[in-house]
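Trainee: I'm passing along protein28.tsv; it holds TSV, C-alpha atoms.
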```tsv
chain	number	residue	atom	x	y	z
A	1148	MET	CA	23.33	6.27	11.01
A	1149	ARG	CA	20.46	7.82	9.13
A	1150	GLY	CA	19.26	6.39	5.82
A	1151	ALA	CA	20.35	2.83	6.52
A	1152	GLN	CA	17.32	0.60	6.85
A	1153	SER	CA	17.26	-2.51	8.94
A	1154	GLY	CA	14.85	-4.78	10.71
A	1155	PRO	CA	11.09	-4.52	10.09
A	1156	THR	CA	11.27	-1.32	8.00
A	1157	LYS	CA	13.61	-2.91	5.48
A	1158	LYS	CA	11.37	-5.99	5.27
A	1159	VAL	CA	8.24	-3.87	4.73
A	1160	VAL	CA	9.82	-1.89	1.91
A	1161	ALA	CA	11.12	-5.06	0.28
A	1162	LEU	CA	7.74	-6.79	0.63
A	1163	THR	CA	5.88	-3.79	-0.78
A	1164	GLU	CA	8.28	-3.48	-3.69
A	1165	LEU	CA	7.78	-7.17	-4.50
A	1166	ARG	CA	3.99	-7.05	-4.20
A	1167	ILE	CA	3.54	-3.99	-6.42
A	1168	ARG	CA	5.55	-5.26	-9.33
A	1169	ALA	CA	3.98	-6.51	-12.52
A	1170	GLY	CA	6.46	-8.74	-14.31
A	1171	ASP	CA	9.95	-7.30	-14.00
A	1172	GLU	CA	8.94	-3.63	-14.03
A	1173	PRO	CA	7.65	-1.65	-11.05
A	1174	ILE	CA	4.07	-0.54	-11.60
A	1175	THR	CA	4.64	3.16	-11.01
A	1176	GLY	CA	8.29	3.53	-10.06
A	1177	ASP	CA	10.15	3.61	-6.79
A	1178	VAL	CA	8.19	4.57	-3.70
A	1179	GLU	CA	10.98	6.93	-2.66
A	1180	GLN	CA	10.45	9.01	-5.81
A	1181	ARG	CA	6.72	9.39	-5.27
A	1182	GLY	CA	4.71	12.02	-3.44
A	1183	HIS	CA	3.22	11.41	-0.04
A	1184	GLY	CA	-0.34	12.69	-0.46
A	1185	VAL	CA	-3.65	10.88	-0.19
A	1186	SER	CA	-4.29	10.85	-3.94
A	1187	THR	CA	-0.79	9.56	-4.71
A	1188	ILE	CA	-0.99	6.71	-2.21
A	1189	SER	CA	-4.52	5.85	-3.27
A	1190	ALA	CA	-3.57	5.82	-6.96
A	1191	TYR	CA	-0.50	3.68	-6.26
A	1192	LEU	CA	-2.47	1.06	-4.33
A	1193	ARG	CA	-5.35	1.19	-6.85
A	1194	ARG	CA	-2.93	0.43	-9.66
A	1195	ALA	CA	-1.39	-2.44	-7.67
A	1196	ILE	CA	-4.85	-3.93	-7.15
A	1197	GLU	CA	-6.00	-3.40	-10.74
A	1198	THR	CA	-2.87	-4.98	-12.23
A	1199	GLY	CA	-3.11	-8.04	-10.02
A	1200	ALA	CA	-0.21	-7.37	-7.65
A	1201	TYR	CA	-2.85	-7.88	-4.95
A	1202	SER	CA	-5.59	-10.44	-5.63
A	1203	GLU	CA	-9.16	-10.66	-4.36
A	1204	GLY	CA	-9.05	-11.47	-0.65
A	1205	ASP	CA	-5.39	-10.49	-0.15
A	1206	ARG	CA	-4.65	-8.48	2.96
A	1207	LEU	CA	-2.84	-5.19	2.38
A	1208	PRO	CA	0.03	-4.25	4.68
A	1209	PRO	CA	-1.07	-2.54	7.91
A	1210	GLU	CA	-1.50	1.24	7.95
A	1211	ARG	CA	1.67	1.68	9.98
A	1212	GLN	CA	3.74	-0.25	7.45
A	1213	LEU	CA	2.22	1.65	4.53
A	1214	ALA	CA	2.98	4.93	6.33
A	1215	VAL	CA	6.63	3.92	6.65
A	1216	THR	CA	6.77	2.73	3.04
A	1217	PHE	CA	5.28	5.95	1.66
A	1218	ASP	CA	6.96	8.19	4.25
A	1219	ALA	CA	3.55	9.59	5.11
A	1220	ALA	CA	1.45	10.14	8.20
A	1221	ARG	CA	-0.78	7.26	9.21
A	1222	SER	CA	-3.81	9.55	8.91
A	1223	THR	CA	-2.85	10.17	5.26
A	1224	VAL	CA	-2.68	6.42	4.60
A	1225	ARG	CA	-6.03	5.99	6.36
A	1226	ARG	CA	-7.66	8.59	4.09
A	1227	ALA	CA	-6.16	6.89	1.01
A	1228	LEU	CA	-7.62	3.57	2.16
A	1229	ASP	CA	-10.97	5.32	2.77
A	1230	GLN	CA	-10.98	6.37	-0.89
A	1231	LEU	CA	-10.30	2.81	-2.02
A	1232	GLU	CA	-13.05	1.51	0.26
A	1233	LYS	CA	-15.57	4.02	-1.13
A	1234	ALA	CA	-14.59	2.89	-4.64
A	1235	GLY	CA	-15.31	-0.72	-3.64
A	1236	LEU	CA	-11.74	-1.90	-4.17
A	1237	VAL	CA	-11.04	-2.84	-0.55
A	1238	SER	CA	-12.92	-3.69	2.61
A	1239	ARG	CA	-11.70	-2.87	6.08
A	1240	ARG	CA	-12.25	-5.06	9.10
A	1241	LEU	CA	-11.66	-3.53	12.49
A	1242	GLY	CA	-8.84	-5.34	14.23
A	1243	SER	CA	-8.11	-7.51	11.20
A	1244	GLY	CA	-6.91	-5.28	8.38
A	1245	THR	CA	-7.70	-4.08	4.88
A	1246	TYR	CA	-8.53	-6.67	2.26
A	1247	VAL	CA	-8.84	-6.49	-1.52
A	1248	GLY	CA	-12.45	-6.74	-2.64
A	1249	SER	CA	-15.79	-5.88	-1.10
A	1250	GLY	CA	-15.41	-8.53	1.58
A	1251	GLY	CA	-19.10	-9.39	1.68
```
As structure tokens, please, write out the structure in this file.
Mentor:
Amino acid sequence: MRGAQSGPTKKVVALTELRIRAGDEPITGDVEQRGHGVSTISAYLRRAIETGAYSEGDRLPPERQLAVTFDAARSTVRRALDQLEKAGLVSRRLGSGTYVGSGG
């Protein structure tokens, strides 16, 4: 049955929807209605960080989970995270994940 979400995928989408909300309103709308490109994903995560949905030191969901959430290739998510890292919004630690802030 296609379209029905269960298990880890459903949990990831629910977690992401909760984390990117500011107050009662979604920051930029439903993920399903958004594009899947690097700039779209980067802008979405940037806004979540800038509005406080993710705080300094918080770990972002893994690339695989973000790829599922945004219905994008993992390489696309990786390039979006590269943009955020170059902007100094996140730091990436091999084998550990992507964290909000420069990470020192």
Trainee: Take atom CA of A:Leu1213 and atom CA of A:Leu1192 and report the distance between them in Å, one decimal.
Mentor: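 Going from atom CA of A:Leu1213 over to atom CA of A:Leu1192, I get 10.0 Å.
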Trainee: For stretch 1192-1209 of chain A, what centre and edge lengths in Å (one decimal) does the axis-aligned box get once 4 Å is added on each side of all its listed atoms, as JSON?
Mentor:
```
{"center_x": -4.6, "center_y": -5.1, "center_z": -2.2, "size_x": 17.2, "size_y": 20.7, "size_z": 28.1}
```
Trainee: Restricting the calculation to only C-alpha atoms: of A:Thr1216, A:Glu1203, A:Thr1223, A:Pro1209, which residue gets closest to A:Gly1235?
Mentor: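 Ranked by minimum distance to A:Gly1235, first place goes to A:Glu1203.
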Trainee: Between atom CA of A:Thr1245 and atom CA of A:Leu1228, what is the distance in Å, rounded to a tenth?
Mentor: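 It comes out at 8.1 Å.
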Trainee: Within 8 Å of A:Ile1188, counting all atoms listed in the file, which residues qualify if same-chain residues fewer than 5 places away don't, as a PyMOL selection string?
Mentor: chain A and resi 1182-1183+1217+1224+1227
Trainee: Could you state the separation of atom CA of A:Leu1236 and atom CA of A:Ser1249 in Å, given to one decimal place?
Mentor: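 Atom-to-atom, atom CA of A:Leu1236 and atom CA of A:Ser1249 are spaced 6.5 Å apart.
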Trainee: I'd like to know which of A:Val1237, A:Ala1219, A:Ser1243, A:Gly1184 is closest to A:Glu1197, using only C-alpha atoms.
Mentor: A:Val1237
